[in-house]
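Accompanying notes for the structure given below.
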Amino acid sequence: MVLRNAGATVSDDVERSLRFAHENLGVDEAWLVAHSDCAAHGGADPAAIAELRRGAARLRSAVPGVSVRLLFYDFAAGA
């Protein structure tokens, strides 16, 4: 299951969808993925990384039992 939105933001919709997937489909892991030069964060990589951390904290408290993994892709480094 893939949920996509601008800025890797964990919105109410994302939280609700993940809760449904966890409770009804057995989803037990979520990956939050952001990237460098993200327009949703004005191109500021620290802002994108901070949003990943906020999203992880939100999911961990809202959907117990789901493991949350954070990934940040740096286009310049290709990693």
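Each chain in the structure tokens gets a letter, A, B and so on, in the order shown; residues start at 1 in every chain, and ligands are counted from 1 in the order they appear.
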
Please provide the set of residues having any atom within 9 Å of His41 in chain A, restricted to only C-alpha atoms, with same-chain residues fewer than 5 positions apart removed, written as a list of chain:residue names. A:Gly7, A:Pro46, A:Ala47, A:Ala48, A:Glu51

Pick from A:Leu25, A:Leu71, A:Ala8, A:Ala79 nearest to Gly55 in chain A, counting only C-alpha atoms: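 Among A:Leu25, A:Leu71, A:Ala8, A:Ala79, it is A:Ala8 that comes nearest to Gly55 in chain A.
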
Compare A:Pro64, A:Gly78, A:Phe72, A:Thr9 by their minimum atom-to-atom distance to Ala40 in chain A, counting only C-alpha atoms, and give me the closest one. A:Thr9

What lies within 12 Å of Glu23 in chain A using only C-alpha atoms, ignoring chain neighbours under 5 positions off, as a list in words? Arg16, Ser17, Leu18, Asp28, Val63, Pro64, Gly65 and Val66 of chain A

Write to file, as a PDB file, in the first residue's frame, the residues of the selection just made, with C-alpha atoms.
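Contents of the output file selection_17.pdb:
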ATOM      1  CA  ARG A  16      -6.504   7.293   9.195  1.00  0.00           C
ATOM      2  CA  SER A  17      -5.488   5.211   6.161  1.00  0.00           C
ATOM      3  CA  LEU A  18      -2.558   3.648   7.982  1.00  0.00           C
ATOM      4  CA  ASP A  28       2.822  -3.545  10.414  1.00  0.00           C
ATOM      5  CA  VAL A  63      -0.918   3.526  15.551  1.00  0.00           C
ATOM      6  CA  PRO A  64       0.780   1.335  18.166  1.00  0.00           C
ATOM      7  CA  GLY A  65       2.230  -1.846  16.738  1.00  0.00           C
ATOM      8  CA  VAL A  66       3.378  -0.260  13.485  1.00  0.00           C
TER       9      VAL A  66
END

Gap from CA of Ala34 in chain A to CA of Leu3 in chain A - Å, one decimal: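 Distance between the two atoms: 12.7 Å.
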
Measuring between only C-alpha atoms, which one of A:Ala21, A:Ile49, A:Leu70, A:Ala76 shows the shortest distance to Val2 in chain A?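 Answer, going by the shortest atom-to-atom distance: A:Ala21.
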
Within chain A, find each residue whose DSSP state, derived from the backbone, is alpha helix (DSSP H), and express the selection as a ChimeraX atom specification. /A:12-25,45-62

Quick check for you: according to DSSP on this backbone, which residues of chain A are classed as strand (DSSP E or B)? Reply as a PyMOL selection string. chain A and resi 29-35+67-73

Hey, what's within 12 Å of Ser67 in chain A if we count only C-alpha atoms and toss same-chain stuff fewer than 4 positions away? As number ranges by chain, please? A: 18, 22, 27-32, 56-57, 59-63

Write the residues of the preceding selection, restricted to all heavy atoms, as a tab-separated table (two decimals), in the first residue's frame.
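Contents of again-v4.tsv, freshly written:
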chain	number	residue	atom	x	y	z
A	18	LEU	N	-3.49	4.61	7.40
A	18	LEU	CA	-2.56	3.65	7.98
A	18	LEU	C	-3.21	2.88	9.13
A	18	LEU	O	-3.01	1.67	9.25
A	18	LEU	CB	-1.29	4.33	8.47
A	18	LEU	CG	-0.24	3.38	9.05
A	18	LEU	CD1	0.17	2.33	8.02
A	18	LEU	CD2	0.97	4.14	9.52
A	22	HIS	N	-3.54	-1.11	9.09
A	22	HIS	CA	-2.98	-1.90	10.20
A	22	HIS	C	-4.06	-2.81	10.79
A	22	HIS	O	-3.83	-4.02	10.96
A	22	HIS	CB	-2.43	-0.96	11.26
A	22	HIS	CG	-1.94	-1.65	12.49
A	22	HIS	ND1	-0.88	-2.53	12.47
A	22	HIS	CD2	-2.37	-1.61	13.77
A	22	HIS	CE1	-0.67	-2.99	13.70
A	22	HIS	NE2	-1.57	-2.45	14.49
A	27	VAL	N	-1.06	-4.54	8.00
A	27	VAL	CA	0.14	-3.75	7.73
A	27	VAL	C	0.83	-3.45	9.06
A	27	VAL	O	0.20	-2.99	10.01
A	27	VAL	CB	-0.22	-2.44	6.98
A	27	VAL	CG1	0.97	-1.51	6.91
A	27	VAL	CG2	-0.75	-2.77	5.60
A	28	ASP	N	2.12	-3.75	9.14
A	28	ASP	CA	2.82	-3.54	10.41
A	28	ASP	C	4.09	-2.70	10.27
A	28	ASP	O	4.86	-2.56	11.21
A	28	ASP	CB	3.16	-4.89	11.06
A	28	ASP	CG	4.10	-5.73	10.22
A	28	ASP	OD1	4.48	-5.30	9.12
A	28	ASP	OD2	4.45	-6.83	10.67
A	29	GLU	N	4.28	-2.10	9.09
A	29	GLU	CA	5.45	-1.26	8.89
A	29	GLU	C	5.09	-0.10	7.96
A	29	GLU	O	4.39	-0.29	6.97
A	29	GLU	CB	6.59	-2.06	8.29
A	29	GLU	CG	7.88	-1.29	8.15
A	29	GLU	CD	9.03	-2.17	7.71
A	29	GLU	OE1	8.86	-2.98	6.77
A	29	GLU	OE2	10.10	-2.04	8.31
A	30	ALA	N	5.58	1.08	8.32
A	30	ALA	CA	5.37	2.26	7.47
A	30	ALA	C	6.73	2.89	7.19
A	30	ALA	O	7.56	3.00	8.08
A	30	ALA	CB	4.48	3.27	8.19
A	31	TRP	N	6.93	3.26	5.95
A	31	TRP	CA	8.14	3.97	5.56
A	31	TRP	C	7.75	5.39	5.20
A	31	TRP	O	6.89	5.60	4.34
A	31	TRP	CB	8.78	3.32	4.34
A	31	TRP	CG	9.36	1.97	4.54
A	31	TRP	CD1	9.12	1.10	5.57
A	31	TRP	CD2	10.27	1.31	3.67
A	31	TRP	NE1	9.82	-0.06	5.38
A	31	TRP	CE2	10.55	0.05	4.22
A	31	TRP	CE3	10.87	1.65	2.48
A	31	TRP	CZ2	11.39	-0.86	3.63
A	31	TRP	CZ3	11.72	0.75	1.88
A	31	TRP	CH2	11.99	-0.49	2.46
A	32	LEU	N	8.37	6.34	5.84
A	32	LEU	CA	8.17	7.74	5.49
A	32	LEU	C	9.38	8.16	4.66
A	32	LEU	O	10.52	8.03	5.11
A	32	LEU	CB	8.06	8.61	6.74
A	32	LEU	CG	6.93	8.26	7.72
A	32	LEU	CD1	6.94	9.21	8.90
A	32	LEU	CD2	5.60	8.30	7.01
A	56	ALA	N	6.92	10.58	12.07
A	56	ALA	CA	7.22	9.33	12.76
A	56	ALA	C	6.67	9.34	14.18
A	56	ALA	O	6.06	8.37	14.62
A	56	ALA	CB	8.73	9.08	12.77
A	57	ALA	N	6.88	10.44	14.87
A	57	ALA	CA	6.37	10.55	16.25
A	57	ALA	C	4.84	10.44	16.26
A	57	ALA	O	4.26	9.76	17.11
A	57	ALA	CB	6.82	11.87	16.86
A	59	LEU	N	2.85	8.93	14.03
A	59	LEU	CA	2.40	7.56	13.73
A	59	LEU	C	2.67	6.61	14.87
A	59	LEU	O	1.85	5.74	15.17
A	59	LEU	CB	3.06	7.06	12.45
A	59	LEU	CG	2.57	7.70	11.16
A	59	LEU	CD1	3.31	7.10	9.97
A	59	LEU	CD2	1.07	7.55	10.99
A	60	ARG	N	3.83	6.74	15.51
A	60	ARG	CA	4.16	5.84	16.61
A	60	ARG	C	3.17	5.97	17.76
A	60	ARG	O	2.85	4.97	18.41
A	60	ARG	CB	5.59	6.09	17.09
A	60	ARG	CG	6.62	5.57	16.11
A	60	ARG	CD	8.03	5.82	16.58
A	60	ARG	NE	8.98	5.29	15.60
A	60	ARG	CZ	9.97	5.99	15.07
A	60	ARG	NH1	10.19	7.24	15.45
A	60	ARG	NH2	10.77	5.44	14.19
A	61	SER	N	2.68	7.17	18.00
A	61	SER	CA	1.72	7.33	19.09
A	61	SER	C	0.29	7.01	18.65
A	61	SER	O	-0.50	6.53	19.44
A	61	SER	CB	1.78	8.75	19.66
A	61	SER	OG	1.34	9.69	18.71
A	62	ALA	N	-0.03	7.24	17.39
A	62	ALA	CA	-1.40	7.05	16.91
A	62	ALA	C	-1.71	5.61	16.50
A	62	ALA	O	-2.86	5.19	16.58
A	62	ALA	CB	-1.67	7.97	15.72
A	63	VAL	N	-0.69	4.89	16.05
A	63	VAL	CA	-0.92	3.53	15.55
A	63	VAL	C	0.09	2.58	16.21
A	63	VAL	O	1.07	2.17	15.60
A	63	VAL	CB	-0.81	3.46	14.01
A	63	VAL	CG1	-1.31	2.13	13.49
A	63	VAL	CG2	-1.56	4.60	13.34

Residue nearest Ala44 in chain A - candidates A:Arg58, A:Val14, A:Asp74, A:Arg19, atoms counted: only C-alpha atoms: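 Closest to Ala44 in chain A, using only C-alpha atoms: A:Asp74.
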
Mind giving me the straight-line distance from CA of Phe75 in chain A to CA of Glu15 in chain A in Å, one decimal?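 Separation between CA of Phe75 in chain A and CA of Glu15 in chain A: 27.4 Å.
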
CA of Tyr73 in chain A to CA of Ser36 in chain A, straight-line distance in Å: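 Going from CA of Ser36 in chain A over to CA of Tyr73 in chain A, I get 6.3 Å.
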
So, counting only C-alpha atoms, which residue among A:Phe20, A:Ala6, A:Arg69, A:Met1 is closest to His35 in chain A? A:Ala6
